[in-house]
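Down below is the structure, laid out as structure tokens.
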Amino acid sequence: MLEGYKSTTPDLLAMTVLILCGGSPGGITSSVCSDLTERLDDAVLFHCDGIGHCKGCGHCKEGGCVIRDGMDAIMDAYSGSDTIILATPLRFNGPSSQLKTMMDRFQPLWHNPDGKRRRLFLLITAGSPEPQTPHTEGIARAFAFSMGCEYCGSFVIADTDSDDWHSAAEKVLDALVNGI
């Protein structure tokens, strides 16, 4: 476990798939993440809302973050995970601010890596039928590189502004589950 973090959820150390949802609770991305969690036997889902912004204080270089919020449980779950799924709605051709804020708070692990090689997947939901995802994928790749993860690709559920996005979502989630 990451030094400086006190485990509040020891049962999470047995799971292997960590889903980090940057969508708004009750939104499409959140719904898709809930569905994905049900399809996987060994997954835990965290929503990124309520995670405070990095203060840039530098304390993480010494061992851990000084901010006490939901990130503690996410760090505990991360330590027990083998696979990470970053899920985000596409916002102005980038990830949601909630997901990016959570990614920034992983700074303590950049300074104090645990040496475990994890696989990282990106799941994007987008209202457009032809979403532009390269910027979001680049940010996910940079996060994977910084965390010592293997970037395993992105899965896109497009055209969520239409009424019939559910069938496309089923196919994408099937492909993602099979890729894990």
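Chain lettering (A, B, ...) mirrors the order of the structure tokens, residue numbering begins at 1 for each chain separately, and ligand numbering begins at 1 in order of display.
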(message) I want to know what sits within 12 Å of region 135-138 of chain A, based on only C-alpha atoms, with residues of the same chain fewer than 6 positions away left out; could you give that as JSON, numbers by chain?
(response) {"A": [86, 87, 88, 89, 90, 91, 92, 93, 94, 95, 96, 97, 99, 100, 120, 121, 122, 123, 124, 125, 126, 144, 145, 151, 152, 153, 154, 155, 156]}
**Q.** Per-residue DSSP, chain A, filtered to helix (DSSP H, G or I), as a PyMOL selection string
**A.** chain A and resi 10-14+28-39+59-62+71-79+97-104+107-111+134-147+166-179
| Taking the backbone alone, and naming residues the way the document does, which bits of region 55-143 of chain A are strand (DSSP E or B) by DSSP, as a ChimeraX atom specification? | /A:83-89,91,94,119-125
Each residue of region 106-177 of chain A with at least one atom at most 12 Å from region 62-84 of chain A should appear once, together with its nearest atom pair and the corresponding distance in Å (one decimal); atoms considered: only C-alpha atoms; ordering: chain, then increasing residue number; output as JSON lines.
```
{"residue": "A:Phe106", "atom": "CA", "partner": "A:Met75", "partner_atom": "CA", "distance": 7.9}
{"residue": "A:Gln107", "atom": "CA", "partner": "A:Cys65", "partner_atom": "CA", "distance": 8.3}
{"residue": "A:Pro108", "atom": "CA", "partner": "A:Gly64", "partner_atom": "CA", "distance": 5.4}
{"residue": "A:Leu109", "atom": "CA", "partner": "A:Gly64", "partner_atom": "CA", "distance": 8.3}
{"residue": "A:Trp110", "atom": "CA", "partner": "A:Gly63", "partner_atom": "CA", "distance": 10.5}
{"residue": "A:His111", "atom": "CA", "partner": "A:Gly63", "partner_atom": "CA", "distance": 7.9}
{"residue": "A:Asn112", "atom": "CA", "partner": "A:Gly63", "partner_atom": "CA", "distance": 6.9}
{"residue": "A:Pro113", "atom": "CA", "partner": "A:Ser79", "partner_atom": "CA", "distance": 10.3}
{"residue": "A:Asp114", "atom": "CA", "partner": "A:Ser79", "partner_atom": "CA", "distance": 8.0}
{"residue": "A:Gly115", "atom": "CA", "partner": "A:Ser79", "partner_atom": "CA", "distance": 10.3}
{"residue": "A:Lys116", "atom": "CA", "partner": "A:Asp82", "partner_atom": "CA", "distance": 8.2}
{"residue": "A:Arg117", "atom": "CA", "partner": "A:Asp82", "partner_atom": "CA", "distance": 7.5}
{"residue": "A:Arg118", "atom": "CA", "partner": "A:Asp82", "partner_atom": "CA", "distance": 4.9}
{"residue": "A:Arg119", "atom": "CA", "partner": "A:Thr83", "partner_atom": "CA", "distance": 4.7}
{"residue": "A:Leu120", "atom": "CA", "partner": "A:Ile84", "partner_atom": "CA", "distance": 4.7}
{"residue": "A:Phe121", "atom": "CA", "partner": "A:Ile84", "partner_atom": "CA", "distance": 6.3}
{"residue": "A:Leu122", "atom": "CA", "partner": "A:Ile84", "partner_atom": "CA", "distance": 8.5}
{"residue": "A:Leu123", "atom": "CA", "partner": "A:Ile84", "partner_atom": "CA", "distance": 10.5}
{"residue": "A:Ala140", "atom": "CA", "partner": "A:Ile84", "partner_atom": "CA", "distance": 11.0}
{"residue": "A:Phe143", "atom": "CA", "partner": "A:Ile84", "partner_atom": "CA", "distance": 11.2}
{"residue": "A:Ala144", "atom": "CA", "partner": "A:Ile84", "partner_atom": "CA", "distance": 9.4}
{"residue": "A:Met147", "atom": "CA", "partner": "A:Tyr78", "partner_atom": "CA", "distance": 10.9}
{"residue": "A:Gly148", "atom": "CA", "partner": "A:Ile84", "partner_atom": "CA", "distance": 11.8}
{"residue": "A:Cys149", "atom": "CA", "partner": "A:Ile84", "partner_atom": "CA", "distance": 8.7}
{"residue": "A:Glu150", "atom": "CA", "partner": "A:Thr83", "partner_atom": "CA", "distance": 9.4}
{"residue": "A:Tyr151", "atom": "CA", "partner": "A:Ile84", "partner_atom": "CA", "distance": 9.6}
{"residue": "A:Cys152", "atom": "CA", "partner": "A:Thr83", "partner_atom": "CA", "distance": 9.8}
{"residue": "A:Gly153", "atom": "CA", "partner": "A:Ile84", "partner_atom": "CA", "distance": 11.5}
{"residue": "A:Ser154", "atom": "CA", "partner": "A:Ile84", "partner_atom": "CA", "distance": 12.0}
{"residue": "A:Leu176", "atom": "CA", "partner": "A:Thr83", "partner_atom": "CA", "distance": 11.8}
{"residue": "A:Val177", "atom": "CA", "partner": "A:Thr83", "partner_atom": "CA", "distance": 11.4}
```
Cys33 (chain A) proximity check over A:Leu173, A:Gly179, A:Ser128, A:Ser167, using only C-alpha atoms: winner is A:Leu173
Residues at most 9 Å from Met102 (chain A), counting only C-alpha atoms, excluding those fewer than 3 positions away in the same chain, as a list in words?
-> Leu20, Gly22, Cys48, Asp49, Ile51, Gly52, His53, Cys54, Met71, Ser97, Gln98, Leu99, Arg105 and Phe106 of chain A
Only N, CA and C atoms, please: the residues just picked out, written as a PDB file, in the first residue's frame.
```pdb
ATOM      1  N   LEU A  20     -12.428   3.906 -12.880  1.00  0.00           N
ATOM      2  CA  LEU A  20     -12.462   5.290 -12.397  1.00  0.00           C
ATOM      3  C   LEU A  20     -13.332   6.098 -13.349  1.00  0.00           C
ATOM      4  N   GLY A  22     -15.185   9.336 -14.640  1.00  0.00           N
ATOM      5  CA  GLY A  22     -15.157  10.788 -14.644  1.00  0.00           C
ATOM      6  C   GLY A  22     -16.459  11.409 -15.099  1.00  0.00           C
ATOM      7  N   CYS A  48     -15.311   9.978  -9.750  1.00  0.00           N
ATOM      8  CA  CYS A  48     -14.265  10.965  -9.467  1.00  0.00           C
ATOM      9  C   CYS A  48     -14.800  12.268  -8.906  1.00  0.00           C
ATOM     10  N   ASP A  49     -16.120  12.388  -8.758  1.00  0.00           N
ATOM     11  CA  ASP A  49     -16.646  13.625  -8.201  1.00  0.00           C
ATOM     12  C   ASP A  49     -16.288  13.699  -6.715  1.00  0.00           C
ATOM     13  N   ILE A  51     -13.437  14.732  -5.519  1.00  0.00           N
ATOM     14  CA  ILE A  51     -11.989  14.650  -5.333  1.00  0.00           C
ATOM     15  C   ILE A  51     -11.437  16.070  -5.424  1.00  0.00           C
ATOM     16  N   GLY A  52     -10.711  16.467  -4.392  1.00  0.00           N
ATOM     17  CA  GLY A  52     -10.150  17.819  -4.369  1.00  0.00           C
ATOM     18  C   GLY A  52      -8.978  17.971  -5.324  1.00  0.00           C
ATOM     19  N   HIS A  53      -8.767  19.189  -5.745  1.00  0.00           N
ATOM     20  CA  HIS A  53      -7.658  19.506  -6.646  1.00  0.00           C
ATOM     21  C   HIS A  53      -6.318  19.431  -5.923  1.00  0.00           C
ATOM     22  N   CYS A  54      -5.300  18.988  -6.649  1.00  0.00           N
ATOM     23  CA  CYS A  54      -3.933  19.009  -6.136  1.00  0.00           C
ATOM     24  C   CYS A  54      -3.579  20.444  -5.756  1.00  0.00           C
ATOM     25  N   MET A  71      -9.985  10.171  -2.439  1.00  0.00           N
ATOM     26  CA  MET A  71      -8.782   9.674  -3.110  1.00  0.00           C
ATOM     27  C   MET A  71      -8.078   8.610  -2.274  1.00  0.00           C
ATOM     28  N   SER A  97     -13.260  17.215 -16.441  1.00  0.00           N
ATOM     29  CA  SER A  97     -12.416  17.837 -15.409  1.00  0.00           C
ATOM     30  C   SER A  97     -12.347  16.953 -14.172  1.00  0.00           C
ATOM     31  N   GLN A  98     -13.415  16.196 -13.888  1.00  0.00           N
ATOM     32  CA  GLN A  98     -13.399  15.306 -12.736  1.00  0.00           C
ATOM     33  C   GLN A  98     -12.332  14.222 -12.892  1.00  0.00           C
ATOM     34  N   LEU A  99     -12.256  13.623 -14.075  1.00  0.00           N
ATOM     35  CA  LEU A  99     -11.251  12.587 -14.292  1.00  0.00           C
ATOM     36  C   LEU A  99      -9.851  13.178 -14.258  1.00  0.00           C
ATOM     37  N   ARG A 105      -4.156  13.798  -8.860  1.00  0.00           N
ATOM     38  CA  ARG A 105      -3.962  13.405  -7.463  1.00  0.00           C
ATOM     39  C   ARG A 105      -3.181  12.094  -7.312  1.00  0.00           C
ATOM     40  N   PHE A 106      -2.829  11.463  -8.422  1.00  0.00           N
ATOM     41  CA  PHE A 106      -1.974  10.279  -8.365  1.00  0.00           C
ATOM     42  C   PHE A 106      -0.497  10.651  -8.229  1.00  0.00           C
TER      43      PHE A 106
END
```
Taken to one decimal, the CA of Glu130 (chain A)-CA of Thr37 (chain A) distance is 26.2 Å
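The space separating CA of Ser24 (chain A) from CA of Gly50 (chain A) comes to 10.7 Å.
Using only C-alpha atoms, the smallest distance between any of A:Ile19, A:Met103, A:Cys57, A:Ile180 and Asp35 (chain A) comes from A:Ile19.
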Restricting to only C-alpha atoms, whichever of A:Leu40, A:Gly58, A:Thr29, A:Arg141 is closest to His166 (chain A) is A:Thr29
